[in-house]
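Here is the structure we will look at.
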Amino acid sequence: MVSGHKIKTKIELNEFLERIREYEKKDIEPTKHTFFRLNEKQREILNEGKIKEILTNEIPILVGIQYNNLWAVFYKYENDFIRIIIDIQLNKIYIVSFYLIDKTQIPRI
């Protein structure tokens, strides 16, 4: 793992949920990098709306700030897990990237 992607600070779930509730769905935007790893079929399933829905409606299992100052948010997703990397700014949340992962890839902090 790239050292900038490692978690430096664990964030309490309630703190994250309070912070994310300050934003409306229209304030959450993908970046150019968000979907570049996906093929067309994957983009139909894991689209912008689905990622926004996960961020705003689901309760994560782990939240942390990485050494690159982006937030890593982990959720149970179907039979696996999803790691969503976000950049929380004053008026926007940018979805930088996301990865489907298995249980062994969830960091232990």
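Chains: A, B, ... in order of the structure tokens. Residues: from 1 per chain. Ligands: from 1, in order shown.
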
**Message:** For Lys52 (chain A), find every residue with an atom within 12 Å (counting only C-alpha atoms), except residues of its own chain fewer than 3 positions away, and show them as a list in words.
**Reply:** Ile20, Tyr23, Glu24, Lys25, Lys26, Asp27, Ile28, Glu29, Pro30, Leu46, Asn47, Glu48, Gly49, Leu55, Thr56, Asn57, Glu58, Ile84, Ile86, Ile93, Tyr94, Ile95 and Phe98 of chain A

For the contact check between region 2-35 of chain A and region 64-68 of chain A, emit one row per residue of region 2-35 of chain A within 7 Å, containing the shortest atom pair and the distance in Å rounded to one decimal, counting only C-alpha atoms, chain then rising number order, as CSV.
residue,atom,partner,partner_atom,distance
A:Gly4,CA,A:Tyr67,CA,4.6
A:His5,CA,A:Gln66,CA,5.4
A:Lys6,CA,A:Gln66,CA,5.3
A:Ile7,CA,A:Gln66,CA,4.2
A:Lys8,CA,A:Gln66,CA,5.3
A:Thr9,CA,A:Ile65,CA,5.2
A:Lys10,CA,A:Gly64,CA,4.3
A:Ile11,CA,A:Gly64,CA,5.1

**Request:** Kindly indicate which residue among A:Leu62, A:Leu17, A:Val96, A:Leu90 lies nearest to Tyr75 (chain A), using only C-alpha atoms for the distances.
**Result:** A:Leu62

**Message:** For a quick check of understanding, using only C-alpha atoms, which of A:Thr34, A:Lys50, A:Asn69, A:Ile45 has the smallest distance to Tyr99 (chain A)?
**Reply:**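 Of A:Thr34, A:Lys50, A:Asn69, A:Ile45, the one nearest Tyr99 (chain A), counting only C-alpha atoms, is A:Thr34.
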
**Request:** Enumerate the residues of region 11-58 of chain A with a DSSP assignment of helix (DSSP H, G or I), computed from the backbone, and present them as a ChimeraX atom specification.
**Result:** /A:13-20,25-27,40-45,48-57
